[in-house]
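See below for upload00.cif, which holds mmCIF, C-alpha atoms.
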data_my_file
loop_
_atom_site.label_atom_id
_atom_site.label_comp_id
_atom_site.auth_asym_id
_atom_site.auth_seq_id
_atom_site.Cartn_x
_atom_site.Cartn_y
_atom_site.Cartn_z
CA MET X 864 17.41 3.99 -1.31
CA LYS X 865 14.58 5.64 -3.21
CA PHE X 866 12.54 2.45 -2.92
CA LEU X 867 12.90 2.50 0.89
CA PHE X 868 12.20 6.24 0.91
CA ASP X 869 8.93 5.61 -0.94
CA PHE X 870 7.96 3.07 1.72
CA GLY X 871 9.06 5.40 4.55
CA PRO X 872 5.53 6.40 5.67
CA ILE X 873 4.46 2.74 5.77
CA ILE X 874 7.52 1.82 7.85
CA LEU X 875 6.73 4.69 10.25
CA PHE X 876 3.08 3.56 10.40
CA PHE X 877 4.24 0.07 11.38
CA VAL X 878 6.61 1.33 14.11
CA VAL X 879 4.12 3.80 15.63
CA TYR X 880 1.37 1.16 15.59
CA LYS X 881 3.54 -1.23 17.61
CA PHE X 882 4.15 1.37 20.33
CA PHE X 883 1.16 3.72 20.31
CA GLY X 884 -1.71 2.04 18.48
CA LEU X 885 -3.63 2.38 15.22
CA TYR X 886 -4.91 5.94 15.39
CA ALA X 887 -1.56 7.41 16.39
CA ALA X 888 -0.06 5.46 13.46
CA ILE X 889 -2.56 7.06 11.07
CA TYR X 890 -1.57 10.55 12.24
CA ALA X 891 2.11 9.64 11.82
CA MET X 892 1.56 8.28 8.31
CA ILE X 893 -0.37 11.35 7.19
CA ALA X 894 2.36 13.65 8.54
CA SER X 895 5.20 11.62 7.01
CA THR X 896 3.46 11.37 3.62
CA PHE X 897 3.00 15.14 3.62
CA ALA X 898 6.70 15.60 4.49
CA GLN X 899 7.66 13.15 1.72
CA MET X 900 5.48 15.01 -0.76
CA MET X 901 6.96 18.42 0.17
CA TYR X 902 10.52 17.05 0.07
CA ALA X 903 9.95 15.90 -3.51
CA ARG X 904 8.50 19.31 -4.37
CA ILE X 905 11.50 21.17 -2.90
CA THR X 906 14.18 18.91 -4.39
CA THR X 907 12.67 18.37 -7.85
CA GLY X 908 10.51 21.45 -8.27
CA LYS X 909 7.35 19.41 -8.79
CA PHE X 910 4.92 17.19 -6.93
CA VAL X 911 4.93 13.42 -7.49
CA THR X 912 1.45 12.39 -8.60
CA SER X 913 1.46 9.06 -6.73
CA GLN X 914 2.47 10.80 -3.49
CA VAL X 915 -0.23 13.46 -3.86
CA LEU X 916 -2.86 10.79 -4.54
CA THR X 917 -1.68 8.74 -1.56
CA PHE X 918 -1.80 11.81 0.69
CA ILE X 919 -5.34 12.73 -0.41
CA LEU X 920 -6.62 9.20 0.16
CA LEU X 921 -4.86 9.08 3.53
CA VAL X 922 -6.43 12.33 4.66
CA VAL X 923 -9.89 11.20 3.52
CA PHE X 924 -9.89 7.54 4.59
CA GLY X 925 -7.56 8.00 7.55
CA GLY X 926 -9.47 11.08 8.68
CA ILE X 927 -12.77 9.19 8.59
CA SER X 928 -11.23 6.30 10.56
CA ILE X 929 -9.98 8.72 13.21
CA ALA X 930 -13.25 10.69 13.36
CA LEU X 931 -15.45 7.59 13.60
CA ARG X 932 -12.87 5.49 15.47
CA ASP X 933 -13.43 2.82 12.86
CA PRO X 934 -10.34 1.11 11.32
CA ALA X 935 -12.23 -0.14 8.26
CA PHE X 936 -11.70 3.02 6.20
CA VAL X 937 -7.92 3.25 6.55
CA MET X 938 -7.63 -0.50 5.99
CA TRP X 939 -9.56 -0.42 2.73
CA LYS X 940 -7.59 2.63 1.59
CA VAL X 941 -4.72 0.32 0.61
CA SER X 942 -6.89 -1.65 -1.82
CA VAL X 943 -8.47 1.51 -3.22
CA LEU X 944 -5.05 3.06 -3.85
CA TYR X 945 -3.65 0.00 -5.64
CA VAL X 946 -6.78 -0.37 -7.78
CA ILE X 947 -6.48 3.29 -8.82
CA PHE X 948 -2.82 2.71 -9.73
CA ALA X 949 -3.80 -0.40 -11.71
CA VAL X 950 -6.57 1.37 -13.61
CA ALA X 951 -4.28 4.31 -14.42
CA LEU X 952 -1.57 1.99 -15.71
CA ILE X 953 -3.84 -0.16 -17.84
CA ALA X 954 -5.74 2.84 -19.22
CA SER X 955 -2.45 4.40 -20.34
CA ASN X 956 -2.24 1.65 -22.98
CA TRP X 957 -4.91 3.58 -24.91
CA ILE X 958 -4.40 7.13 -23.66
CA GLY X 959 -1.53 9.13 -25.12
CA SER X 960 1.41 8.01 -27.20
CA LYS X 961 3.24 6.38 -24.26
CA THR X 962 2.24 4.20 -21.35
CA LEU X 963 2.73 5.51 -17.82
CA LEU X 964 5.68 3.20 -17.29
CA GLU X 965 7.37 4.49 -20.44
CA ARG X 966 6.80 8.09 -19.34
CA MET X 967 8.37 7.34 -15.96
CA MET X 968 11.25 5.14 -17.13
CA GLY X 969 11.63 5.90 -20.82
CA LYS X 970 14.63 8.19 -20.31
CA GLU X 971 16.61 5.39 -18.67
CA LEU X 972 15.38 2.46 -20.75
CA ASP X 973 15.01 2.14 -24.51
CA LEU X 974 12.41 -0.57 -25.02
CA PRO X 975 9.97 -1.36 -27.86
CA ARG X 976 6.36 -0.27 -27.36
CA ALA X 977 5.31 -3.93 -27.15
CA ILE X 978 7.55 -4.47 -24.12
CA TRP X 979 6.22 -1.34 -22.38
CA THR X 980 2.67 -2.52 -23.03
CA ARG X 981 3.43 -5.98 -21.65
CA LEU X 982 5.05 -4.50 -18.53
CA THR X 983 2.11 -2.15 -18.07
CA TRP X 984 -0.35 -5.05 -18.07
CA PHE X 985 1.94 -7.00 -15.74
CA TRP X 986 2.16 -4.19 -13.18
CA GLY X 987 -1.54 -3.41 -13.54
CA PHE X 988 -2.57 -6.95 -12.68
CA GLY X 989 0.16 -7.07 -10.03
CA PHE X 990 -1.38 -4.07 -8.28
CA VAL X 991 -4.82 -5.65 -8.52
CA GLY X 992 -3.36 -8.76 -6.89
CA ILE X 993 -1.95 -6.71 -4.00
CA ALA X 994 -5.36 -5.03 -3.58
CA ILE X 995 -7.07 -8.44 -3.41
CA VAL X 996 -4.61 -9.85 -0.87
CA ASN X 997 -5.03 -6.72 1.24
CA GLY X 998 -8.80 -7.20 1.01
CA TYR X 999 -8.42 -10.69 2.45
CA PHE X 1000 -6.49 -9.41 5.48
CA VAL X 1001 -8.92 -6.50 5.96
CA ASN X 1002 -11.98 -8.74 5.77
CA THR X 1003 -10.47 -11.20 8.25
CA ALA X 1004 -9.52 -8.45 10.69
CA LEU X 1005 -12.85 -6.61 10.51
CA THR X 1006 -14.91 -9.81 10.74
CA THR X 1007 -13.00 -10.99 13.82
CA ARG X 1008 -13.23 -7.52 15.40
CA GLN X 1009 -16.99 -7.47 14.85
CA LYS X 1010 -17.40 -10.93 16.38
CA PHE X 1011 -15.64 -9.67 19.49
CA LEU X 1012 -17.75 -6.50 19.66
CA ASP X 1013 -20.95 -8.51 19.11
CA SER X 1014 -20.06 -11.08 21.78
CA GLY X 1015 -22.27 -9.40 24.37
CA ILE X 1016 -19.40 -7.99 26.41
CA LEU X 1017 -19.75 -4.35 27.40
CA VAL X 1018 -16.94 -2.92 25.29
CA ASP X 1019 -16.80 0.46 23.58
CA PRO X 1020 -17.13 -0.31 19.83
CA LYS X 1021 -14.69 2.54 19.16
CA ILE X 1022 -11.82 0.96 21.09
CA ASP X 1023 -8.33 0.82 19.70
CA LEU X 1024 -7.74 -2.93 19.84
CA SER X 1025 -3.98 -2.57 19.75
CA ASN X 1026 -4.06 -0.78 23.13
CA PHE X 1027 -6.81 -2.89 24.69
CA ASN X 1028 -6.06 -5.27 27.57
CA CYS X 1029 -7.79 -8.51 26.59
CA ALA X 1030 -7.30 -9.92 30.10
CA GLN X 1031 -10.12 -7.57 31.19
CA THR X 1032 -12.72 -9.58 29.27
CA PRO X 1033 -14.14 -13.06 29.91
CA LEU X 1034 -13.71 -13.83 26.20
CA GLU X 1035 -9.98 -13.25 26.20
CA ASN X 1036 -9.26 -15.65 23.33
CA LEU X 1037 -11.73 -13.90 21.01
CA CYS X 1038 -10.24 -10.54 21.96
CA LEU X 1039 -6.72 -11.78 21.30
CA SER X 1040 -7.85 -13.20 17.96
CA ALA X 1041 -9.23 -9.78 17.00
CA GLN X 1042 -5.93 -8.18 17.98
CA ARG X 1043 -3.87 -10.73 16.06
CA THR X 1044 -5.88 -10.34 12.84
CA GLU X 1045 -5.58 -6.56 13.00
CA GLU X 1046 -1.84 -6.90 13.61
CA ALA X 1047 -1.64 -9.34 10.69
CA TRP X 1048 -3.08 -6.64 8.44
CA VAL X 1049 -0.52 -4.11 9.75
CA ASN X 1050 2.27 -6.62 9.07
CA PHE X 1051 0.95 -7.19 5.55
CA LYS X 1052 0.71 -3.44 4.96
CA LEU X 1053 4.48 -3.24 5.43
CA PHE X 1054 6.04 -6.62 4.70
CA GLY X 1055 3.36 -7.91 2.34
CA THR X 1056 3.15 -4.88 0.06
CA LEU X 1057 6.92 -4.43 0.21
CA GLY X 1058 7.60 -8.10 -0.56
CA LEU X 1059 5.06 -8.34 -3.40
CA THR X 1060 6.37 -5.11 -4.92
CA LEU X 1061 9.92 -6.47 -4.78
CA ILE X 1062 8.73 -9.61 -6.58
CA LEU X 1063 7.19 -7.45 -9.33
CA ILE X 1064 10.46 -5.50 -9.61
CA VAL X 1065 12.61 -8.65 -9.81
CA ILE X 1066 10.42 -10.18 -12.52
CA THR X 1067 10.48 -6.88 -14.42
CA VAL X 1068 14.27 -6.61 -14.20
CA LEU X 1069 14.69 -10.19 -15.38
CA SER X 1070 12.39 -9.70 -18.36
CA ILE X 1071 14.00 -6.39 -19.31
CA SER X 1072 17.57 -7.68 -18.93
CA LYS X 1073 16.79 -10.55 -21.28
CA HIS X 1074 15.54 -8.11 -23.90
CA ILE X 1075 18.51 -5.76 -23.41
CA LYS X 1076 20.98 -8.64 -23.78
CA GLU X 1077 19.30 -9.73 -27.00
CA LYS X 1078 19.45 -6.13 -28.25
CA GLN X 1079 23.15 -5.77 -27.31
CA VAL X 1080 24.09 -9.00 -29.08
CA GLY X 1081 22.08 -8.08 -32.16
CA PRO X 1082 22.48 -9.68 -35.57
CA LYS X 1083 26.00 -10.82 -36.43
#
As structure tokens, the full file:
Amino acid sequence: MKFLFDFGPIILFFVVYKFFGLYAAIYAMIASTFAQMMYARITTGKFVTSQVLTFILLVVFGGISIALRDPAFVMWKVSVLYVIFAVALIASNWIGSKTLLERMMGKELDLPRAIWTRLTWFWGFGFVGIAIVNGYFVNTALTTRQKFLDSGILVDPKIDLSNFNCAQTPLENLCLSAQRTEEAWVNFKLFGTLGLTLILIVITVLSISKHIKEKQVGPK
């Protein structure tokens, strides 16, 4: 449940995008991330660092996208966020007596430092991988959007493609392609990041369970 709760703002972003477009979805995600952050503060008595960081980046990148009517900023925010997470994780191998993962999960799991270090590197590179895949979808969407805007058709460059009627233009196929690539990024933002994160969790659980079993068996 907590896992789905953490992805709540992204799920809301996806739903609002489908019905009301990109910029309405950004507003919804900012509002839901703020609500998520305050809920954690009220129920636990403290703010969750990852939620605060996500909210700040959303306000900055999402705010710029809304102000300039340019989707590039909010799209690249995903990669920026995951790179920051990766850097923080990997740097924790040398900063402090415990890695970030051990600080977060050490009360529930008793693992050797070597295992925590290995998991930290694994999740760090995993987050970098998600950032790179997101970059691919962003680059494809923005390149296709720019091709449509540069096609010579009199179209406002600040249009919300998700709400635009491509039948109005003589280059309908190019317009539809721009819409599809933007939608592909939105789909990846939910299903891609969720799926890749689940894969990281499954691999982590499998590697930890093997170690725990070995520890439980112990020397005879």
Surrounding residues of X:Tyr880 excluding itself and chain neighbours under 3 positions, 10 Å, all atoms listed in the file, as a PyMOL selection string: chain X and resi 874-877+883-889+891+1025-1026+1046+1049
Expected selection from the PyMOL selection byres ((chain X and resi 917) around 10), given as a ChimeraX atom specification: /X:893,896-897,900,912-916,918-923,940-941,944-945
Spatial neighbours of stretch 994-1003 of chain X, 9 Å, only C-alpha atoms, chain gap at least 5 places, as number ranges by chain: X: 935, 938-939, 941-946, 989, 1008, 1041, 1044-1045, 1047-1048, 1051-1052, 1055-1056
Now that the selection is made, can you save its residues with C-alpha atoms as a PDB file, keeping the file's coordinate frame?
ATOM      1  CA  ALA X 935     -12.230  -0.140   8.260  1.00  0.00           C
ATOM      2  CA  MET X 938      -7.630  -0.500   5.990  1.00  0.00           C
ATOM      3  CA  TRP X 939      -9.560  -0.420   2.730  1.00  0.00           C
ATOM      4  CA  VAL X 941      -4.720   0.320   0.610  1.00  0.00           C
ATOM      5  CA  SER X 942      -6.890  -1.650  -1.820  1.00  0.00           C
ATOM      6  CA  VAL X 943      -8.470   1.510  -3.220  1.00  0.00           C
ATOM      7  CA  LEU X 944      -5.050   3.060  -3.850  1.00  0.00           C
ATOM      8  CA  TYR X 945      -3.650   0.000  -5.640  1.00  0.00           C
ATOM      9  CA  VAL X 946      -6.780  -0.370  -7.780  1.00  0.00           C
ATOM     10  CA  GLY X 989       0.160  -7.070 -10.030  1.00  0.00           C
ATOM     11  CA  ARG X1008     -13.230  -7.520  15.400  1.00  0.00           C
ATOM     12  CA  ALA X1041      -9.230  -9.780  17.000  1.00  0.00           C
ATOM     13  CA  THR X1044      -5.880 -10.340  12.840  1.00  0.00           C
ATOM     14  CA  GLU X1045      -5.580  -6.560  13.000  1.00  0.00           C
ATOM     15  CA  ALA X1047      -1.640  -9.340  10.690  1.00  0.00           C
ATOM     16  CA  TRP X1048      -3.080  -6.640   8.440  1.00  0.00           C
ATOM     17  CA  PHE X1051       0.950  -7.190   5.550  1.00  0.00           C
ATOM     18  CA  LYS X1052       0.710  -3.440   4.960  1.00  0.00           C
ATOM     19  CA  GLY X1055       3.360  -7.910   2.340  1.00  0.00           C
ATOM     20  CA  THR X1056       3.150  -4.880   0.060  1.00  0.00           C
TER      21      THR X1056
END
Between atom CA of X:Leu1005 and atom CA of X:Gly992, distance in Å (one decimal): 19.9 Å
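Nearest to X:Gln899 of all the residues X:Ile873, X:Ala930, X:Leu1057, X:Val879 is X:Ile873, counting only C-alpha atoms.
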Ground truth for the PyMOL selection byres ((chain X and resi 961) around 12), written as a ChimeraX atom specification: /X:952-960,962-969,974-980,983
Hits of the PyMOL selection byres ((chain X and resi 1021) around 9) in this structure, as a PyMOL selection string: chain X and resi 931-933+1018-1020+1022-1024
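Taking atom CA of X:Gly908 and atom CA of X:Phe870 as the two end points, the separation is 21.1 Å.
The two atoms in question, atom CA of X:Ile1016 and atom CA of X:Thr1032, are spaced 7.4 Å apart.
Nearest residue to X:Phe990 among X:Val911, X:Leu1017, X:Val950, X:Leu1012 is X:Val950, counting only C-alpha atoms.
With distances restricted to all atoms listed in the file, X:Met892 is the closest residue to X:Pro872 from X:Ile1062, X:Leu982, X:Met892, X:Cys1038.
Comparing X:Phe910, X:Met901, X:Phe985, X:Gln1031 by their smallest distance to X:Ser1070, the closest is X:Phe985 (using only C-alpha atoms).
Restricting the calculation to all atoms listed in the file, the smallest distance between X:Tyr902 and any of X:Asp869, X:Ile929, X:Ser1014, X:Asp973 is found for X:Asp869.
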Which centre and edge lengths in Å to one decimal define the box along x, y and z that fits every listed atom of stretch 1022-1027 of chain X plus 6 Å per side, as AutoDock Vina command-line options?
--center_x -7.9 --center_y -1.0 --center_z 22.2 --size_x 19.8 --size_y 15.9 --size_z 17.0
